[in-house]
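First comes the structure, then the notes that go with it.
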Amino acid sequence: MAETKYWLMKSEPDEFGIDDLASRENQTTYWEGIRNYQARNFMRDDMKPGHKVFFYHSRANPLAIVGTMEVASEPYPDPSQFDPSSKYFDEKATEEKPRWFLVDVRLIRKFEKPVLRDDMKDVDELAEMLLLKKGSRLSIQPVTAQEWRKVHEMAGEKP
DNA sequence: GCCAACGTTGGC
DNA sequence: GCCAACGTTGGC
């Protein structure tokens with residue numbers, strides 16, 4: 001049996017929050033605008049359809065994991081890099097040599113009770129989470145199966 | 001290929 | 001809104 005992989009993706013709710021995802025057709029969107037190589041590499045090389053993803057609200061009040069998604073496509077070039085009118089336009093990217101890749105994600109569920117960053121800090125099982133490390137700003141990060149379970153437990157949800 | 005200057009992220 | 005911690009860029 002293939003091992004399920006878990007991830008966490010950040011978004012600022014002022015830009016795109018979980019309610020925006022919920023209102024999209026099929027509750028699916030392309031995760032555009034990632035312009036960090038490490039985060040891109042995760043999407044391009046490691047994410048597979050069916051992988052599970054936490055949706056995290058950054059630069060928000062409250063800071064929290066607000067729900068779950070699943071990867072819903074193979075990686076493909078981020079269209080916004082070719083669009084001069086997009087704020088994510090990258091003049092050094094070409095159709096032949098795209099720089100930026102993304103995947104589609106589909107909402108699994110919005111937590112009735114978001115799991116607050118402040119509460120996660122107090123939990124031993126989450127002490128090693130990248131998200132909680134000082135100075136960590138990676139907007140897409142791997143999550144362990146244990147962390148996946150623990151956060152669901154805190155949310156009062158079945159993993 | 002070093003590293004100073006600049007730009008960005010994101011908690012606080 | 002501030003600013004520390006990072007990442008990237010580009011002159012040399």
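Letters for chains follow the order of the structure tokens (A, B, ...), residue numbers begin at 1 for each chain, and ligand numbers begin at 1 in the order shown.
Within region 110-146 of chain A, residues classed as strand (DSSP E) by DSSP on backbone coordinates are Lys110, Phe111, Glu112, Lys113, Pro114, Val115, Leu116, Ile140, Gln141, Pro142 and Val143 of chain A.
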Distance cut-off 8 Å, counting only C-alpha atoms (C1' of nucleotides) - which residues of chain B neighbour chain A? Return them as a PDB file with N, CA, C and O atoms (P, O5', C5', C4', C3', O3' and C1' of nucleotides), in the first residue's frame.
```
ATOM      1  P    DT B   9       6.217  37.310  -0.157  1.00  0.00           P
ATOM      2  O5'  DT B   9       6.389  36.590   1.241  1.00  0.00           O
ATOM      3  C5'  DT B   9       7.402  35.621   1.409  1.00  0.00           C
ATOM      4  C4'  DT B   9       7.494  35.312   2.875  1.00  0.00           C
ATOM      5  C3'  DT B   9       6.148  35.063   3.555  1.00  0.00           C
ATOM      6  O3'  DT B   9       6.262  33.807   4.180  1.00  0.00           O
ATOM      7  C1'  DT B   9       7.404  36.663   4.761  1.00  0.00           C
ATOM      8  P    DG B  10       5.021  33.012   4.696  1.00  0.00           P
ATOM      9  O5'  DG B  10       4.817  33.618   6.144  1.00  0.00           O
ATOM     10  C5'  DG B  10       5.802  33.350   7.138  1.00  0.00           C
ATOM     11  C4'  DG B  10       5.479  34.180   8.332  1.00  0.00           C
ATOM     12  C3'  DG B  10       3.988  34.185   8.728  1.00  0.00           C
ATOM     13  O3'  DG B  10       3.927  34.077  10.120  1.00  0.00           O
ATOM     14  C1'  DG B  10       4.760  36.356   8.584  1.00  0.00           C
ATOM     15  P    DG B  11       2.732  33.361  10.837  1.00  0.00           P
ATOM     16  O5'  DG B  11       3.252  33.433  12.319  1.00  0.00           O
ATOM     17  C5'  DG B  11       4.608  33.135  12.614  1.00  0.00           C
ATOM     18  C4'  DG B  11       5.129  34.065  13.677  1.00  0.00           C
ATOM     19  C3'  DG B  11       4.206  34.255  14.871  1.00  0.00           C
ATOM     20  O3'  DG B  11       5.020  34.345  16.035  1.00  0.00           O
ATOM     21  C1'  DG B  11       4.582  36.351  13.848  1.00  0.00           C
TER      22       DG B  11
END
```
- Task: Please return as a PyMOL selection string: the residues of region 6-138 of chain A that backbone DSSP assigns to alpha helix (DSSP H).
- Result: chain A and resi 13-16+18-23+37-41+117-120
Generate a file of the selected residues that holds N, CA and C atoms, formatted as a PDB file, in the first residue's frame.
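The resulting file, out11.pdb, is reproduced below:
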```
ATOM      1  N   PRO A  13      -5.719  34.883   4.608  1.00  0.00           N
ATOM      2  CA  PRO A  13      -7.155  34.924   4.327  1.00  0.00           C
ATOM      3  C   PRO A  13      -7.606  36.222   3.669  1.00  0.00           C
ATOM      4  N   ASP A  14      -6.852  37.313   3.846  1.00  0.00           N
ATOM      5  CA  ASP A  14      -7.188  38.556   3.143  1.00  0.00           C
ATOM      6  C   ASP A  14      -7.033  38.372   1.634  1.00  0.00           C
ATOM      7  N   GLU A  15      -6.110  37.471   1.252  1.00  0.00           N
ATOM      8  CA  GLU A  15      -5.885  37.190  -0.161  1.00  0.00           C
ATOM      9  C   GLU A  15      -6.771  36.043  -0.632  1.00  0.00           C
ATOM     10  N   PHE A  16      -6.670  34.929   0.087  1.00  0.00           N
ATOM     11  CA  PHE A  16      -7.424  33.732  -0.282  1.00  0.00           C
ATOM     12  C   PHE A  16      -7.550  32.845   0.937  1.00  0.00           C
ATOM     13  N   ILE A  18     -10.026  30.016   3.461  1.00  0.00           N
ATOM     14  CA  ILE A  18     -10.696  28.733   3.239  1.00  0.00           C
ATOM     15  C   ILE A  18     -12.127  28.935   2.735  1.00  0.00           C
ATOM     16  N   ASP A  19     -12.763  30.066   3.084  1.00  0.00           N
ATOM     17  CA  ASP A  19     -14.104  30.316   2.571  1.00  0.00           C
ATOM     18  C   ASP A  19     -14.085  30.626   1.077  1.00  0.00           C
ATOM     19  N   ASP A  20     -12.973  31.215   0.618  1.00  0.00           N
ATOM     20  CA  ASP A  20     -12.825  31.434  -0.825  1.00  0.00           C
ATOM     21  C   ASP A  20     -12.727  30.099  -1.553  1.00  0.00           C
ATOM     22  N   LEU A  21     -11.972  29.186  -0.952  1.00  0.00           N
ATOM     23  CA  LEU A  21     -11.859  27.855  -1.565  1.00  0.00           C
ATOM     24  C   LEU A  21     -13.223  27.161  -1.580  1.00  0.00           C
ATOM     25  N   ALA A  22     -13.958  27.287  -0.483  1.00  0.00           N
ATOM     26  CA  ALA A  22     -15.262  26.617  -0.375  1.00  0.00           C
ATOM     27  C   ALA A  22     -16.248  27.123  -1.420  1.00  0.00           C
ATOM     28  N   SER A  23     -16.059  28.378  -1.864  1.00  0.00           N
ATOM     29  CA  SER A  23     -17.017  28.941  -2.817  1.00  0.00           C
ATOM     30  C   SER A  23     -16.596  28.720  -4.269  1.00  0.00           C
ATOM     31  N   TYR A  37      11.612  28.594  -4.218  1.00  0.00           N
ATOM     32  CA  TYR A  37      12.028  27.371  -4.901  1.00  0.00           C
ATOM     33  C   TYR A  37      11.760  26.115  -4.098  1.00  0.00           C
ATOM     34  N   GLN A  38      11.974  26.188  -2.803  1.00  0.00           N
ATOM     35  CA  GLN A  38      11.752  25.006  -1.975  1.00  0.00           C
ATOM     36  C   GLN A  38      10.271  24.597  -2.002  1.00  0.00           C
ATOM     37  N   ALA A  39       9.406  25.590  -1.893  1.00  0.00           N
ATOM     38  CA  ALA A  39       7.966  25.312  -1.936  1.00  0.00           C
ATOM     39  C   ALA A  39       7.566  24.799  -3.320  1.00  0.00           C
ATOM     40  N   ARG A  40       8.133  25.394  -4.354  1.00  0.00           N
ATOM     41  CA  ARG A  40       7.853  24.930  -5.714  1.00  0.00           C
ATOM     42  C   ARG A  40       8.272  23.485  -5.893  1.00  0.00           C
ATOM     43  N   ASN A  41       9.446  23.159  -5.395  1.00  0.00           N
ATOM     44  CA  ASN A  41       9.955  21.799  -5.564  1.00  0.00           C
ATOM     45  C   ASN A  41       9.057  20.774  -4.893  1.00  0.00           C
ATOM     46  N   ARG A 117      -2.766  28.285  16.371  1.00  0.00           N
ATOM     47  CA  ARG A 117      -1.321  28.228  16.530  1.00  0.00           C
ATOM     48  C   ARG A 117      -0.931  28.300  18.004  1.00  0.00           C
ATOM     49  N   ASP A 118      -1.579  29.198  18.728  1.00  0.00           N
ATOM     50  CA  ASP A 118      -1.262  29.362  20.145  1.00  0.00           C
ATOM     51  C   ASP A 118      -1.468  28.075  20.931  1.00  0.00           C
ATOM     52  N   ASP A 119      -2.501  27.300  20.563  1.00  0.00           N
ATOM     53  CA  ASP A 119      -2.752  26.038  21.257  1.00  0.00           C
ATOM     54  C   ASP A 119      -1.755  24.964  20.820  1.00  0.00           C
ATOM     55  N   MET A 120      -1.389  24.994  19.543  1.00  0.00           N
ATOM     56  CA  MET A 120      -0.458  23.990  19.027  1.00  0.00           C
ATOM     57  C   MET A 120       0.904  24.099  19.720  1.00  0.00           C
TER      58      MET A 120
END
```
- Å distance separating C1' of DC12 (chain C) from CA of Glu91 (chain A), one decimal place: 25.2 Å
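CA of Pro98 (chain A) is positioned 13.0 Å from CA of Ile34 (chain A).
Going from CA of Met47 (chain A) to CA of Lys5 (chain A) covers 8.0 Å.
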With only C-alpha atoms (C1' of nucleotides) as the counted atoms, please give the residues lying no more than 8 Å from Pro142 (chain A), apart from itself and same-chain residues fewer than 4 positions off, as a CSV table (one decimal) with C-alpha atoms, in the first residue's frame.
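The new file selection-v2.csv reads:
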```csv
chain,number,residue,atom,x,y,z
A,5,LYS,CA,1.8,11.9,2.4
A,6,TYR,CA,0.8,15.0,4.4
A,7,TRP,CA,1.4,18.7,3.8
A,8,LEU,CA,0.6,22.1,5.1
```
